[in-house]
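Enquirer: Have a look at this one.
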Amino acid sequence: MTITQAPPKGLRIGPIEVEAPVVLAPMAGITNMAYRRLCREYGAGLYVCEMITSRALVERTPVSMQLIQHHESETPRSIQLYGVEPNTVAEAATILVGEDRADHIDLNFGCPVPKVTRKGGGAALPWKLDLFKDLVEKTVTAAGDVPVTVKMRKGIDADHLTYLDAARIARDAGVAAISLHARTANEHYSGHADWSAIATLKETITDIPVLGNGDIWSAADALRMVDETGCDGVVVGRGCLGRPWLFGDLAAAFRGEDVRAMPTLGEVAVAFRRHAELLVEFFGSEDHGCRDVRKHVAWYFKGYPIGGDVRSGLAMASSLQEIDDLLGRLDWTAPYPGADVEGPRGRAGHPKRTALPDRWLESRDVDAEFRKVLAAAELHHSGG
């Protein structure tokens, strides 16, 4: 790969300076405190917690209050908010700032999940320009000196693109950075991300950082995205599943170092065990933590020779001792398998029509009737 321009060394979001221009994308059920701590142990960047629903935070539901916790080692503390009712999102931001729970707030306008978009939220919301403007402006005002960023998609589908209009509105409202997942909501995670849209956004928005998201599976991909689009940094989601060391690769690459983690099976086992340990600590329950790490087994051990019995055993383990016993049966000297563990991970899915509120696409404005039901449209739970 030939790089034609020097990659950025770091990232500045408002008053926050990040050592590497890398952001861990919020992922439901994944980017809790345990996983963020693990990724930090391997590299540098901005690590965002999984999506917090504004209404659930305002109502102080137990799950939301747990998810917004940060370990004392986490700095800066970054929280992503979701909502469709501007006053509720602003109230959630007021809580985070007033109680000193966050150093950075990100707003979710990229989620394509039906339970979110059918209420007018996530990737559906920027279609309604007045609602988007109201929500972003009120949140920025409520956050005060705490920087607010937005994460969005290209639009709902190829005929209903929103990202350029929304980006201009967000910039004018005072956001500190904009992240673009270069797919439409209809595309979900299928096909290939359209990096040319990131380049177009960067050409349009020149006075605050623009971050690119989509199809970053390696440090080489990150450098190529920056080189091809001119973006100021990258947002990494599915590419780090079962690979927390990717953040070490990314930090090294942006420092200009030609290094790359190629972990042996033993090194993968250590990372998996550490992840389980951190989950046990986070949930305060060995059974809960060990059950939660099960979803990560296939990602960590993809391509490695661990045997079906060990693989299935790890996917059913309910204690750290069980995990230790199973990991002890592995050949820890087994080398990095190469291409077998690289490339896309996680479910790509297929393109599908985005679930939307009735008559949502008929106008770019929110009518009075829908504004009355916005509060009822808020989700009552956070995370996955």
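To be explicit about the labels: the chains of the structure tokens are called A, B, and onward in the order shown, and within each one the residues are counted from 1, while ligands get numbers from 1 in the order they are shown.
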Would you list the contacts of Ile306 in chain A as a list of chain:residue names, taking every protein, DNA or RNA residue within 10 Å and counting only C-alpha atoms, but skipping same-chain residues closer than 2 positions in sequence?
Expert: A:Leu265, A:Phe301, A:Lys302, A:Gly303, A:Tyr304, A:Gly308, A:Asp309, A:Val310, A:Arg311, A:Leu326, A:Leu327, A:Arg329, A:Leu330, A:Asp331, A:Trp332, A:Ala334
Enquirer: Please report, as a Markdown table, each residue of range 94-175 of chain A lying at most 10 Å from range 25-41 of chain A, together with the nearest pair of atoms and the separation in Å rounded to one decimal; use only C-alpha atoms, and order rows by chain and ascending residue number.
Expert:
| residue | atom | partner | partner_atom | distance |
| --- | --- | --- | --- | --- |
| A:Asp106 | CA | A:Pro26 | CA | 9.5 |
| A:Asn108 | CA | A:Pro26 | CA | 9.3 |
| A:Cys111 | CA | A:Met27 | CA | 9.9 |
| A:Lys151 | CA | A:Ala25 | CA | 9.3 |
Enquirer: Mind checking which residues fall within 10 Å of range 364-369 of chain A, counting only C-alpha atoms, ignoring those fewer than 3 positions away in the same chain, and posting them as a PyMOL selection string?
Expert: chain A and resi 125-132+360-361+372-374
Enquirer: With only C-alpha atoms as the atoms that count, which of A:Gly237, A:Gly120, A:Pro357, A:Pro114 lies nearest to Val84 in chain A?
Expert: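 Looking only at the distances to Val84 in chain A, the closest residue turns out to be A:Gly120.
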Enquirer: Run DSSP on the backbone of this structure and report the residues of range 135-170 of chain A it assigns to strand (DSSP E or B), as JSON, numbers by chain.
Expert: {"A": [148, 149, 150, 151, 152, 153, 155, 156, 157, 160, 161]}
Enquirer: Let's have the selection written as a PDB file, in the first residue's frame, with N, CA and C atoms.
Expert:
ATOM      1  N   VAL A 148     -19.783  17.882  22.319  1.00  0.00           N
ATOM      2  CA  VAL A 148     -20.794  16.991  21.760  1.00  0.00           C
ATOM      3  C   VAL A 148     -20.402  16.661  20.327  1.00  0.00           C
ATOM      4  N   THR A 149     -20.500  15.402  19.950  1.00  0.00           N
ATOM      5  CA  THR A 149     -20.256  14.981  18.574  1.00  0.00           C
ATOM      6  C   THR A 149     -21.483  14.232  18.066  1.00  0.00           C
ATOM      7  N   VAL A 150     -21.559  14.038  16.751  1.00  0.00           N
ATOM      8  CA  VAL A 150     -22.658  13.264  16.185  1.00  0.00           C
ATOM      9  C   VAL A 150     -22.096  12.149  15.318  1.00  0.00           C
ATOM     10  N   LYS A 151     -22.764  11.010  15.353  1.00  0.00           N
ATOM     11  CA  LYS A 151     -22.421   9.880  14.495  1.00  0.00           C
ATOM     12  C   LYS A 151     -23.640   9.583  13.637  1.00  0.00           C
ATOM     13  N   MET A 152     -23.454   9.538  12.326  1.00  0.00           N
ATOM     14  CA  MET A 152     -24.586   9.377  11.423  1.00  0.00           C
ATOM     15  C   MET A 152     -24.243   8.422  10.292  1.00  0.00           C
ATOM     16  N   ARG A 153     -25.249   8.084   9.506  1.00  0.00           N
ATOM     17  CA  ARG A 153     -25.073   7.334   8.267  1.00  0.00           C
ATOM     18  C   ARG A 153     -25.310   8.263   7.077  1.00  0.00           C
ATOM     19  N   GLY A 155     -27.684   8.175   5.015  1.00  0.00           N
ATOM     20  CA  GLY A 155     -29.102   8.505   4.916  1.00  0.00           C
ATOM     21  C   GLY A 155     -29.930   7.262   5.104  1.00  0.00           C
ATOM     22  N   ILE A 156     -31.165   7.324   4.701  1.00  0.00           N
ATOM     23  CA  ILE A 156     -32.067   6.182   4.840  1.00  0.00           C
ATOM     24  C   ILE A 156     -31.854   5.189   3.706  1.00  0.00           C
ATOM     25  N   ASP A 157     -31.797   5.699   2.486  1.00  0.00           N
ATOM     26  CA  ASP A 157     -31.476   4.877   1.318  1.00  0.00           C
ATOM     27  C   ASP A 157     -30.870   5.804   0.269  1.00  0.00           C
ATOM     28  N   HIS A 160     -32.753   8.939  -0.356  1.00  0.00           N
ATOM     29  CA  HIS A 160     -33.034   9.812   0.786  1.00  0.00           C
ATOM     30  C   HIS A 160     -31.755   9.972   1.612  1.00  0.00           C
ATOM     31  N   LEU A 161     -30.769  10.642   1.010  1.00  0.00           N
ATOM     32  CA  LEU A 161     -29.501  10.908   1.680  1.00  0.00           C
ATOM     33  C   LEU A 161     -29.642  12.138   2.570  1.00  0.00           C
TER      34      LEU A 161
END
Enquirer: Residues of range 109-174 of chain A in helix (DSSP H, G or I) according to DSSP, as a PyMOL selection string?
Expert: chain A and resi 114-117+122-127+129-143+163-173
Enquirer: Have a look at A:His71, A:Arg294, A:Lys138, A:Arg238 and name the one nearest to His275 in chain A; count only C-alpha atoms.
Expert: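 Among A:His71, A:Arg294, A:Lys138, A:Arg238, it is A:Arg294 that comes nearest to His275 in chain A.
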Enquirer: Which is closer to Gly284 in chain A than all the others in A:Ala269, A:Thr117, A:Gln66, A:Glu99, using only C-alpha atoms?
Expert: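 Closest candidate: A:Gln66.
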Enquirer: For a quick check of understanding, using only C-alpha atoms, which of A:Ala177, A:Val146, A:Ile205, A:Val22 has the smallest distance to Gly10 in chain A?
Expert: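 The closest residue to Gly10 in chain A is A:Val22.
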Enquirer: Determine the nearest neighbour of Gly191 in chain A from the options A:Arg347, A:Lys115, A:Arg255, A:Arg274, counting only C-alpha atoms.
Expert: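 When distances to Gly191 in chain A are compared using only C-alpha atoms, the smallest one comes from A:Arg347.
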Enquirer: Which polymer residues have any atom within 9 Å of an atom of Lys9 in chain A, counting only C-alpha atoms, with same-chain residues fewer than 4 positions away left out, as a list in words?
Expert: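 Contacts, in chain order: Glu19, Ala20, Pro21, Ala251, Phe254, Arg255 and Gly256 of chain A.
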Enquirer: What is the distance between CA of Ser218 in chain A and CA of Ala339 in chain A, in Å to one decimal?
Expert: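 Answer for the CA of Ser218 in chain A to CA of Ala339 in chain A separation: 11.7 Å.
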